[in-house]
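*Asks:* After the structure tokens below, expect a handful of questions from me.
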Amino acid sequence: MSIDEELLTFPFPAPEKFEPPEEFRRLREQAPVARVTLPTGDRAWLLTRYADVRQALVDPRLSRAAAEHPESPRMGNTTPGPRTILGMDPPDHSRLRRLVMQAFTARRVEALRPRVEQLAEEQVRLVLVAPKPVDLMSCFALSLPIKVIFELLGVPYEDVDRLHAWSEVIFSLGGHTREEVQEARGNIVGYLRDLIELRRKTATDDLLSVLVHARDAGQQLSEEELLDFAMILMTVGHQSTANSLGTALFTLLQHPEQLTLLRDKPELVPGAVEELLRFNPFVFTGTQLRVATEDLVIGDVTVRAGEAVIASLGSANHDAETFEDPGRFDVTRTPNVHLSFGYGVHHCLGAQLARLEMQIGLRTLIDKVPETLRLAVPVDWLTWKTGLTARALVSLPVTW
């Protein structure tokens, strides 16, 4: 069956079963660089093959900064913003990335291990004493990453509910008007502005204080960049890991033989996390839009200057040209060169922290919760959030 690109709307509807949309496979085979219509009515080129996606992520002619221009094509009612690290190209992007990388080096992330392990143990104890069925999303998958990133930034945990609610609006593709998205963004920025002023009066050893010092002492970033940077770290820093961890738990419950293998061989957990990231792409839509700054050829298609490109990470991670039997979930898969954290200069800043949280979270839960852990409802009763840029469960009720 041939593909009529005029009828392709993106993001594709999620299939009833938890798997990549069938459109990805068809496009990889028939039209790996295809024109699609976005929720805004704008058009973009969708890349679905691994090789094209990875190359696009390092091509300087495909600009994130250009995609933040008011007249550029848009996916929905929100974008990261031109002053954020997600909306910049080098050299501005490089300057901001250098500032925060000091908090995300492998050594510093590893130093967080004891505290993350402590937090994971605390959350599992809450899971074990909670009335069954227990919602693993709210009680574990969401709570653990929020506590980690809020502690890292120095954000009071008692403010979690409103901050999480605002971030849900910011990352919506639909269901909220542009005005509602702007209001939510303004609420978070206003909250952070007050918190930054507190740090100026009383410095602490958290990441927010480090950024405030960089702003005030070295003038290495503007006040607006400071605010937007803190917002991205706080919102993306918990949303992405929470949704990935929740989906990982669901997948393991759907593959009990793989879960048993991890119980018997916990040393396989790091590799299992990589396979879970490949198998369950967090970003359902792909990466953020990029806009061509000059004409270029991708595959056998000429992309004109000013046109938008979407590099679909989820499709790339299921490309049979790169991954043998990509639809098979295998915690022992190696090598596993997935693109779930992106590639190139915009490779996820918090990738090592996310890996650490997922590894500790899974290992702690598997170790402490009885082997009879199972879904408390039929799979088709579960609800997936719609209208977000990422795939996420509303809840994950379990029992044992």
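Residues are named by chain letter and number: chains run A, B, ... in the order of the structure tokens, numbers start at 1 in each chain, and ligands are numbered from 1 in the order shown.
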List the spatial neighbours of region 195-206 of chain A as a PDB file with N, CA and C atoms, in the first residue's frame - criterion: any atom at most 6 Å away, only C-alpha atoms, same-chain residues fewer than 5 positions off excluded.
*Replies:*
```
ATOM      1  N   LEU A 152      18.336  18.635  43.663  1.00  0.00           N
ATOM      2  CA  LEU A 152      19.494  19.110  42.908  1.00  0.00           C
ATOM      3  C   LEU A 152      19.415  20.615  42.673  1.00  0.00           C
ATOM      4  N   LEU A 153      18.222  21.081  42.351  1.00  0.00           N
ATOM      5  CA  LEU A 153      18.033  22.514  42.086  1.00  0.00           C
ATOM      6  C   LEU A 153      17.802  23.321  43.357  1.00  0.00           C
ATOM      7  N   GLY A 154      17.350  22.652  44.418  1.00  0.00           N
ATOM      8  CA  GLY A 154      17.024  23.373  45.642  1.00  0.00           C
ATOM      9  C   GLY A 154      15.611  23.913  45.655  1.00  0.00           C
TER      10      GLY A 154
END
```
*Asks:* Please provide the set of residues having any atom within 10 Å of Gln258 (chain A), restricted to only C-alpha atoms, with same-chain residues fewer than 6 positions apart removed, written as an MDAnalysis selection string.
*Replies:* chainID A and resid 251:252 264 272 329:332
*Asks:* Could those selected residues go to a file with N, CA and C atoms, as a JSON list (two decimals), in the first residue's frame?
*Replies:*
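New file selection20.json:
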```json
[["chain", "number", "residue", "atom", "x", "y", "z"],
["A", 251, "THR", "N", 6.34, -2.06, 30.86],
["A", 251, "THR", "CA", 6.89, -3.01, 29.89],
["A", 251, "THR", "C", 7.40, -4.27, 30.57],
["A", 252, "LEU", "N", 8.06, -4.11, 31.71],
["A", 252, "LEU", "CA", 8.56, -5.28, 32.42],
["A", 252, "LEU", "C", 7.40, -6.15, 32.94],
["A", 264, "ASP", "N", 16.85, -12.46, 38.89],
["A", 264, "ASP", "CA", 17.89, -13.46, 39.07],
["A", 264, "ASP", "C", 19.29, -12.89, 38.81],
["A", 272, "ALA", "N", 19.38, -3.38, 30.71],
["A", 272, "ALA", "CA", 17.92, -3.38, 30.58],
["A", 272, "ALA", "C", 17.39, -1.96, 30.44],
["A", 329, "PHE", "N", 11.63, -7.23, 22.67],
["A", 329, "PHE", "CA", 12.17, -6.62, 23.88],
["A", 329, "PHE", "C", 13.12, -7.60, 24.54],
["A", 330, "ASP", "N", 14.40, -7.22, 24.65],
["A", 330, "ASP", "CA", 15.42, -8.13, 25.14],
["A", 330, "ASP", "C", 16.40, -7.36, 26.03],
["A", 331, "VAL", "N", 16.34, -7.62, 27.34],
["A", 331, "VAL", "CA", 17.18, -6.86, 28.27],
["A", 331, "VAL", "C", 18.66, -7.18, 28.12],
["A", 332, "THR", "N", 18.99, -8.23, 27.36],
["A", 332, "THR", "CA", 20.40, -8.58, 27.12],
["A", 332, "THR", "C", 20.90, -8.06, 25.78]]
```
*Asks:* Could you tell me which of A:Phe24, A:Phe341, A:Phe10, A:Phe250 comes closest to Asp42 (chain A) if we count only C-alpha atoms?
*Replies:*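 When distances to Asp42 (chain A) are compared using only C-alpha atoms, the smallest one comes from A:Phe10.
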*Asks:* Work out how far CA of Ser395 (chain A) is from CA of Pro133 (chain A), in Å to one decimal.
*Replies:*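 Computing it gives 11.0 Å between the two atoms.
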*Asks:* From the set A:Pro70, A:Gly190, A:Pro114, A:Pro270, which residue has the shortest atom-to-atom contact distance to Arg363 (chain A), counting only C-alpha atoms?
*Replies:* A:Pro270
*Asks:* In terms of the shortest atom-to-atom distance over only C-alpha atoms, which of A:Trp384, A:Tyr343, A:Phe150, A:Trp400 is closest to Val58 (chain A)?
*Replies:*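 Once distances to Val58 (chain A) are computed over only C-alpha atoms, the minimum belongs to A:Tyr343.
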*Asks:* Which residue is closest to Asn280 (chain A)? Choose from A:Thr334, A:Thr260, A:Ser244, A:Thr302 and count only C-alpha atoms.
*Replies:*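 Looking at the shortest contact to Asn280 (chain A), the residue is A:Ser244.
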*Asks:* Which residue out of A:Thr78, A:Val309, A:Pro11, A:Pro326 has the minimum interatomic distance to Asp52 (chain A) when only C-alpha atoms are used?
*Replies:* A:Val309
*Asks:* Would you kindly return, as a ChimeraX atom specification, each protein, DNA or RNA residue with an atom no farther than 10 Å from any atom of Arg115 (chain A), considering only C-alpha atoms and excluding same-chain residues fewer than 6 positions away?
*Replies:* /A:121,148,151
*Asks:* Which of region 49-144 of chain A counts as strand (DSSP E or B) under DSSP, as an MDAnalysis selection string please?
*Replies:* chainID A and resid 62:63 134:135
*Asks:* Take CA of Leu221 (chain A) and CA of Arg97 (chain A) and report the distance between them in Å, one decimal.
*Replies:* 11.0 Å
*Asks:* I want to know what sits within 9 Å of Ala242 (chain A), based on only C-alpha atoms, with residues of the same chain fewer than 3 positions away left out; could you give that as a ChimeraX atom specification?
*Replies:* /A:137,140-146,237-239,245-247,358,392
*Asks:* Would you put the residues from that selection into a file with C-alpha atoms, as a PDB file, in the first residue's frame?
*Replies:*
```pdb
ATOM      1  CA  MET A 137       3.165   6.202  38.628  1.00  0.00           C
ATOM      2  CA  PHE A 140       7.122   5.787  42.622  1.00  0.00           C
ATOM      3  CA  ALA A 141       7.824   6.610  38.971  1.00  0.00           C
ATOM      4  CA  LEU A 142       6.875  10.280  39.354  1.00  0.00           C
ATOM      5  CA  SER A 143       7.856  10.855  42.973  1.00  0.00           C
ATOM      6  CA  LEU A 144      11.449   9.621  42.701  1.00  0.00           C
ATOM      7  CA  PRO A 145      12.606  11.809  39.756  1.00  0.00           C
ATOM      8  CA  ILE A 146      10.803  14.847  41.165  1.00  0.00           C
ATOM      9  CA  GLY A 237      14.360  17.096  34.448  1.00  0.00           C
ATOM     10  CA  HIS A 238      11.457  15.338  36.111  1.00  0.00           C
ATOM     11  CA  GLN A 239       8.952  14.815  33.299  1.00  0.00           C
ATOM     12  CA  LEU A 245      10.456   5.005  34.398  1.00  0.00           C
ATOM     13  CA  GLY A 246       6.692   4.475  34.464  1.00  0.00           C
ATOM     14  CA  THR A 247       6.670   3.069  30.946  1.00  0.00           C
ATOM     15  CA  MET A 358      16.171   4.466  36.252  1.00  0.00           C
ATOM     16  CA  ALA A 392       3.054   8.639  29.363  1.00  0.00           C
TER      17      ALA A 392
END
```
*Asks:* With only C-alpha atoms as the basis for distance, which of A:Leu276, A:Ile366, A:Val169, A:Ile310 is at the shortest distance from Arg328 (chain A)?
*Replies:*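 Residue with the minimum atom-to-atom distance to Arg328 (chain A): A:Leu276.
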*Asks:* When DSSP is applied to the backbone of this structure, which of region 219-391 of chain A are assigned alpha helix (DSSP H)? Write them out as a PyMOL selection string.
*Replies:* chain A and resi 223-254+256-264+269-279+313-316+351-368
*Asks:* Go ahead and compute the interatomic distance for CA of Ser315 (chain A) and CA of Leu8 (chain A), in Å to one decimal.
*Replies:*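 Here the two named atoms are 15.5 Å from each other.
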*Asks:* Please produce, as a Markdown table, a per-residue contact table for region 266-308 of chain A versus region 54-57 of chain A (criterion: any atom at most 10 Å away, only C-alpha atoms considered), showing the nearest atom pair and its distance in Å to one decimal, sorted by chain then residue number.
*Replies:*
```
| residue | atom | partner | partner_atom | distance |
| --- | --- | --- | --- | --- |
| A:Thr287 | CA | A:Leu57 | CA | 9.0 |
| A:Arg290 | CA | A:Ala56 | CA | 9.0 |
| A:Ile298 | CA | A:Ala56 | CA | 8.2 |
```
*Asks:* Residues at most 12 Å from Glu110 (chain A), counting only C-alpha atoms, excluding those fewer than 5 positions away in the same chain, as a CSV table (one decimal) with N, CA and C atoms, in the first residue's frame?
*Replies:*
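The file below, out-v1.csv, is the result:
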```csv
chain,number,residue,atom,x,y,z
A,103,ALA,N,27.7,20.3,36.7
A,103,ALA,CA,26.8,19.6,37.7
A,103,ALA,C,26.4,18.2,37.1
A,104,PHE,N,26.7,17.9,35.9
A,104,PHE,CA,26.3,16.7,35.3
A,104,PHE,C,27.4,15.8,34.7
A,105,THR,N,28.6,16.1,35.2
A,105,THR,CA,29.7,15.2,34.8
A,105,THR,C,29.5,13.8,35.4
A,115,ARG,N,22.5,9.2,47.6
A,115,ARG,CA,21.2,9.9,47.9
A,115,ARG,C,20.1,9.4,47.1
A,116,VAL,N,20.3,9.1,45.8
A,116,VAL,CA,19.2,8.5,45.0
A,116,VAL,C,18.8,7.2,45.5
A,117,GLU,N,19.8,6.3,45.9
A,117,GLU,CA,19.4,5.0,46.5
A,117,GLU,C,18.6,5.2,47.8
A,352,GLN,N,23.0,11.0,31.9
A,352,GLN,CA,23.6,10.1,32.9
A,352,GLN,C,22.8,10.1,34.2
A,353,LEU,N,22.2,11.2,34.6
A,353,LEU,CA,21.4,11.3,35.8
A,353,LEU,C,20.1,10.4,35.6
A,354,ALA,N,19.5,10.6,34.4
A,354,ALA,CA,18.3,9.8,34.1
A,354,ALA,C,18.6,8.3,34.1
A,355,ARG,N,19.8,7.9,33.6
A,355,ARG,CA,20.2,6.5,33.6
A,355,ARG,C,20.3,6.0,35.1
A,356,LEU,N,21.0,6.8,35.9
A,356,LEU,CA,21.2,6.5,37.3
A,356,LEU,C,19.9,6.3,38.0
A,357,GLU,N,19.0,7.2,37.8
A,357,GLU,CA,17.7,7.2,38.5
A,357,GLU,C,16.9,5.9,38.0
A,360,ILE,N,18.7,2.7,39.5
A,360,ILE,CA,18.4,2.5,40.9
A,360,ILE,C,16.9,2.3,41.2
```
*Asks:* Write out as number ranges by chain the residues lying within 10 Å of region 85-94 of chain A, counting only C-alpha atoms and excluding same-chain residues fewer than 2 positions away.
*Replies:* A: 60, 62-69, 79-83, 96-99, 221, 225, 228-229, 232-233, 288-290, 345-346, 348-349
